[in-house]
Each structure stands twice: as structure tokens, then as C-alpha cells.
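These notes concern the structure reproduced below.
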Amino acid sequence: MRTGAARALLCVAVMCGPAPGHADESYGVPTQRRLWGEFGTNFEYYNKPAGLAWRNVLGDWADARGVPQGDVPLATLQLERNDQSRELRVDVTDAVRAWVAGTRPNLGFLLRSLGRGRAFFHSREAEAGLGPALLVTTEAGTVTVPAVADITVPPGIHGVRGDRDRLKVAEDRHTLVRFADIAPTTSVARAELRMTISRHRGPATVGVFYADPGRPVRPPPEVIGLALEHPRDRGLEGHPDVLLVADFEHDDWVSRWSSGGEKNKERLEVVRSDPGLRFEPIQGRALRVVIPEGQRAGLNLKYMLGKETGAEPEELYFRYYLRLAESWRPSVDGGKLPGLAGTYNRAGWGGRRADGFNGWSMRGSFGVEVPAPNPLAGLTPVGTYAYYGDMPGRYGSGWHWNEAAQGVLERNRWYSIEQHVRLNTPDVHDGLLEVWIDGRKAFEKRDILYRRTAELKIDRVWMNVYHGGTARAPTDLHLYIDNVVVARRYIGPLVR
């Protein structure tokens with residue numbers, strides 16, 4: 001490797017890449033949220049700890065024309081019969097130039113078989129100098145850029161590890177290789193991908209494609225909602241389509257809820273400031289919730305629609321603002337967040353299996369904090385914990401909110417979370433669940449069987465924060481909730 005000026009052209013990916021969580025005005029998904037890592041990539045997920053799924057089983061790619069799952073490789077690695085420990089180099093100049101120019105994100109390469117042969121390559125964990133590398137030639141010389149991640153993705157195996165010393169490409173498995181970013185001021189004269197054969201069993205042709213995980217574009221925001229007509233939510237409470245507004249600005253905030261406020265009062269506090277936990281208000285006060293160390297329950301407010309409004313609807317929108325505090329580091333287990341339900345105190349939680357007649361629930365959920373060295377370390381995946389009429393097991397199903405990698409939340413930032421439930425025609429798979437994060441669609445499912453009888457409706461807004469399962473919180477876990485609105489039509493984020 002050359003030293004001096006040539007080495008200065010390179011930078012570590014986490015330094016050069018954008019900060020996680022914020023997209024630019026083009027609504028592109030930040031590169032960081034599309035990154036795969038060696039631990040947590042398998043045939044279903046490109047980042048399983050973050051709940052981020054491939055669009056296609058075994059991985060997503062783009063070809064030389066930019067066509068998703070296309071068949072024109074950027075380059076081909078040709079292996080002859082009985083090749084042994086030989087270095088292969090192919091020209092990937094156009095790809096590296098695209099990364100440097102920012103016209104394509106640097107998500108690495110996906111290697112796949114173009115025939116029936118199998119190929120084995122040394123990984124970056126192999127003997128020094130044998131792993132995948134980019135040879136980048138500039139006016140300052142040629143620099144060797146080693147892989148920062150590589151992994152083989154086989155079918156049907158959930159617990160894939162990226163620390164093997166060998167990579168395999170075959171009909172039923174692909175290999176991913178990713179490199180550090182190259183400084184955007186670099187003028188690339190030529191770039192070659194170097195792979196070293198480990199062992200081989202016959203002729204094979206391996207195609208090199210752009211790795212392309214994650215939805216490339218975030219959906220545009222929904223722009224027409226009740227909040228748009230009521231800046232800072234003022235006046236929403238009197239709107240005919242609004243059933244509940246709870247902003248925690250009044251000392252008697254507990255009275256707005258049917259139950260759960262007094263019972264859990266020691267865990268709940270309305271605050272204007274909380275500097276130790278890096279709290280910043282949206283406007284005025286917010287509800288602080290803590291799951292105490294060694295416990296599971298944090299919040300269990302209920303708004304019973306029949307009791308409070310005189311009717312149980314079959315369709316409802318529910319928006320609240322959520323902020324995970326500096327202390328929010330769930331490392332042992334995930335848990336539950338607020339959502340809508342029709343449990344009727346019979347079924348739909350705690351292993352009380354829904355059957356279409358006894359109840360249902362669509363609480364939110366959170367997962368374990370994404371661990372290091374994952375590219376999204378420190379973020380919390382969120383989704384829906386679903387009990388429904390034809391659920392496959394005793395306990396609820398987990399549905400990640402992973403449209404455009406939105407359902408992975410940072411600490412110390414407010415998010416608008418809005419959920420829309422429309423119950424199904426009894427015994428027909430046409431029930432709807434939609435979720436928006438900050439006004440952009442993060443999840444949609446249109447074939448849910450909530451119920452088999454018209455007697456089941458939406459009986460409650462369930463403001464639940466719970467750790468587990470059965471595992472107890474390893475430390476005090478704090479979060480904040482504010483600006484709750486329940487309505488008959490789309491609400492949208494707060495307009496300031």
C-alpha cells in the first residue's frame with residue numbers, strides 16, 4: 001500500500017457516511033440505514049437486529065444498468081476447473097467512481113453464480129493479504145482498500161456468522177463484500193476488485209453486482225391531515241372527527257383516561273424539563289414513563305371507547321409523539337408500546353390467543369437495542385405486536401415497521417407515530433393496519449383477519465409500555481409521550 005497522499009484519499013465508512021436517521025430533501029434513505037453487517041445478515045434480513053428485511057430472499061442487487069435483480073453484471077470472475085489459490089482481478093472502475101461521486105451509495109458488491117458452478121474465496125478473516133480488496137489507482141498511486149465486511153448468505157439459515165475464513169458462491173447462496181468509503185475528492189483512474197480463490201470444484205462464472213439493500217427512496221409525507229388544519233393541535237379537541245386529545249398540559253391529565261393513571265402514578269410524571277435524560281419538549285409538558293430496573297411495567301393507560309364516546313368504532317386513527325430518553329437501552333429483551341385493541345378483557349395479550357371471536361390487539365412493539373459493531377448500533381427497532389383472528393401460535397406475531405428503514409429509532413428525538421386500524425369484514429382477510437412515522441408510511445398490511453364476528457370492534461386505545469415477555473428491565477428505561485390524538489380520519493404530525 002502506498003502511504004502519504006494516497007492513503008489520505010480513503011476514510012472509514014462510519015466517518016464518511018451520513019449520520020443515521022436523517023434523510024435529505026430528496027427523501028432518499030440514508031446510506032447508513034441501508035448497510036448490512038457481518039452479524040445480523042441472513043437470507044431474510046440484511047440487518048436482522050434492526051428488523052430490516054431484504055426485498056428478495058437471499059439478497060437484493062442492482063445490475064450494471066441499475067436494474068433491480070437484473071442480469072447484466074458489472075464484471076465477471078471466471079474460474080477454471082480445479083483452480084487453486086489463485087488471485088482474480090476484475091475492473092469495477094465505474095462502480096467505484098459512482099460511489100465517489102455519490103450517484104450510488106457504497107453498499108458493497110453482491111457476488112452470485114451465473115451458472116451451476118461453485119466458487120470458494122478467502123474472506124477478510126483469512127491469512128493477511130488473501131481477503132477481498134479494492135485496488136484503487138489515482139494520480140498519487142495505487143491504494144489497496146481491504147474489505148470492512150464480507151459474508152456468505154445461505155438459504156434457510158437464520159444465524160449466519162460473518163467470521164468464517166471462507167466465502168462461497170453457488171446457485172443457492174450469494175456473497176456480500178463491502179469496503180470503506182473513498183474520499184469524495186478522489187479522482188479514480190482505475191479500480192479493480194481482487195478476490196483470491198480458496199478452493200474450487202470445477203468451472204464457474206461469478207457475476208459482480210451492486211449490493212442494494214433497503215428501499216432506495218422514502219415515501220413522500222402524507223400532507224392532508226387534521227393537524228394541518230390546527231397548528232400546534234389547537235382546536236383539535238372540538239373537531240367532530242376527534243375523539244380524544246391528550247397533551248399533558250393540565251394537572252388533572254389522569255382524568256382524561258378511563259383507567260391506569262392512578263395505579264401506575266409512581267412511574268409517571270409530567271415534566272417540562274429533564275436535563276439528566278436530555279429531554280427537550282415539543283411544546284410545554286410531556287408524560288415521562290419509566291420501566292424501573294428489575295421490573296416490567298411502565299405504562300398501562302386505557303381509553304375505553306364505548307364508555308367515553310358511547311360507541312366502539314370499526315376504524316380509527318391514533319397518533320402520539322414518542323421520545324426515547326438517554327437511558328433507553330433495552331439490552332435483554334424487547335417489549336410493548338401503545339396501540340389499538342379490542343381485547344374485551346378476554347384475549348389478545350399475555351398468551352391469551354385470539355381466535356376471531358374473543359378479541360384482538362395491535363400494540364406497538366420495541367426490540368433490543370441494536371448492538372455494536374452493527375452499523376446501526378444504539379438504535380431501537382419498532383413495530384407491531386399483533387394478536388389476530390388466525391394467528392399461528394399462542395403468542396403475538398411481530399411485524400417490523402421497516403418500509404424505507406424508518407422503524408429504527410434514535411434516542412433523544414421526538415417521533416410522530418400514527419396507526420390506522422380498519423377492521424375486516426367478518427371472516428374475510430381484508431383488515432387494514434397502516435403506520436406512519438413523521439408522516440411517512442412505514443408499514444402497511446391489507447389482509448388481516450382481525451375477527452370472525454361483527455361483535456368485535458375497537459374497544460380501547462391502549463397506552464402500554466412494557467418490558468418483555470417475562471424478562472425484567474436491566475436498568476431504568478425512560479421514554480416520553482406527548483400530543484396524543486385519536487380520530488376518525490388521518491391526523492398527521494404536529495404543525496408548529
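Each chain in the C-alpha cells gets a letter, A, B and so on, in the order shown; residues start at 1 in every chain, and ligands are counted from 1 in the order they appear.
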Handout entry: Residue neighbourhood Val465 (chain A), 7 Å, only C-alpha atoms, exclusion window fewer than 6 positions, as a ChimeraX atom specification
Key = /A:297-300,336-338
For N, CA, C and O atoms, I'd like the residues from the last selection saved as a short mmCIF file (atom, residue, chain, number, x, y, z; two decimals), in the first residue's frame.
data_model
loop_
_atom_site.label_atom_id
_atom_site.label_comp_id
_atom_site.auth_asym_id
_atom_site.auth_seq_id
_atom_site.Cartn_x
_atom_site.Cartn_y
_atom_site.Cartn_z
N ALA A 297 -43.39 -3.38 34.04
CA ALA A 297 -44.47 -2.44 33.71
C ALA A 297 -43.98 -1.00 33.75
O ALA A 297 -43.26 -0.60 34.67
N GLY A 298 -44.38 -0.23 32.75
CA GLY A 298 -44.07 1.19 32.73
C GLY A 298 -45.33 2.04 32.64
O GLY A 298 -45.49 3.01 33.37
N LEU A 299 -46.24 1.68 31.71
CA LEU A 299 -47.46 2.47 31.48
C LEU A 299 -48.56 1.54 31.03
O LEU A 299 -48.33 0.62 30.23
N ASN A 300 -49.76 1.77 31.54
CA ASN A 300 -50.90 0.93 31.15
C ASN A 300 -52.19 1.75 31.15
O ASN A 300 -53.21 1.33 31.69
N LYS A 336 -43.49 -3.87 24.64
CA LYS A 336 -44.69 -3.33 24.02
C LYS A 336 -44.73 -1.81 24.12
O LYS A 336 -44.24 -1.21 25.07
N LEU A 337 -45.39 -1.23 23.10
CA LEU A 337 -45.63 0.21 23.02
C LEU A 337 -47.12 0.43 22.74
O LEU A 337 -47.86 -0.53 22.46
N PRO A 338 -47.60 1.68 22.77
CA PRO A 338 -49.04 1.93 22.58
C PRO A 338 -49.58 1.47 21.24
O PRO A 338 -48.87 1.40 20.23
#
Handout entry: All residues 10 Å or closer to Tyr387 (chain A), only C-alpha atoms, same chain fewer than 6 positions away omitted, as number ranges by chain
Key = A: 341-343, 347-356, 359-363, 393-398, 449-450
Practice task
Mind checking which residues fall within 9 Å of Arg55 (chain A), counting only C-alpha atoms, ignoring those fewer than 4 positions away in the same chain, and posting them as a VMD selection string?
Solution key: chain A and resid 44 to 45 59 to 60 213 to 215
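Counting only C-alpha atoms and comparing A:Gly468, A:Asp333, A:Val484, A:Asp438, the residue that lies closest to Glu222 (chain A) is A:Asp438.
Minimum atom-to-atom distance to Leu107 (chain A), evaluated using only C-alpha atoms, belongs to A:Pro375 out of A:Gln69, A:Pro375, A:Val223, A:Thr138.
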Practice task
Assign secondary structure with DSSP using the backbone only, and return the residues of region 290-393 of chain A in helix (DSSP H, G or I) as a PyMOL selection string.
Solution key: chain A and resi 305-309
So that I have them on file, write out the residues from the current selection with N, CA and C atoms, as a compact mmCIF listing (two decimals), in the first residue's frame.
# COMPACT_ATOMS: atom_id res chain seq x y z
N LEU A 305 -63.40 3.19 24.51
CA LEU A 305 -64.16 3.98 23.55
C LEU A 305 -65.66 3.92 23.80
N GLY A 306 -66.19 2.76 24.13
CA GLY A 306 -67.61 2.65 24.40
C GLY A 306 -68.02 3.51 25.58
N LYS A 307 -67.26 3.44 26.65
CA LYS A 307 -67.57 4.19 27.86
C LYS A 307 -67.43 5.69 27.64
N GLU A 308 -66.36 6.11 26.94
CA GLU A 308 -66.04 7.53 26.84
C GLU A 308 -66.74 8.23 25.68
N THR A 309 -67.07 7.51 24.63
CA THR A 309 -67.67 8.16 23.45
C THR A 309 -69.05 7.63 23.13
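For the set A:Glu80, A:Glu127, A:Glu237, A:Asp163, the residue with the smallest atom-to-atom gap to Arg199 (chain A) is A:Glu80, counting only C-alpha atoms.
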Exercise for the section: Using DSSP on the backbone coordinates, identify the residues of region 288-387 of chain A assigned to strand (DSSP E); present them as number ranges by chain. Expected result: A: 288-291, 297-304, 315-324, 335-342, 360-366, 380-387
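Atom to atom, CA of Arg278 (chain A) and CA of Leu35 (chain A) stand 28.0 Å apart.
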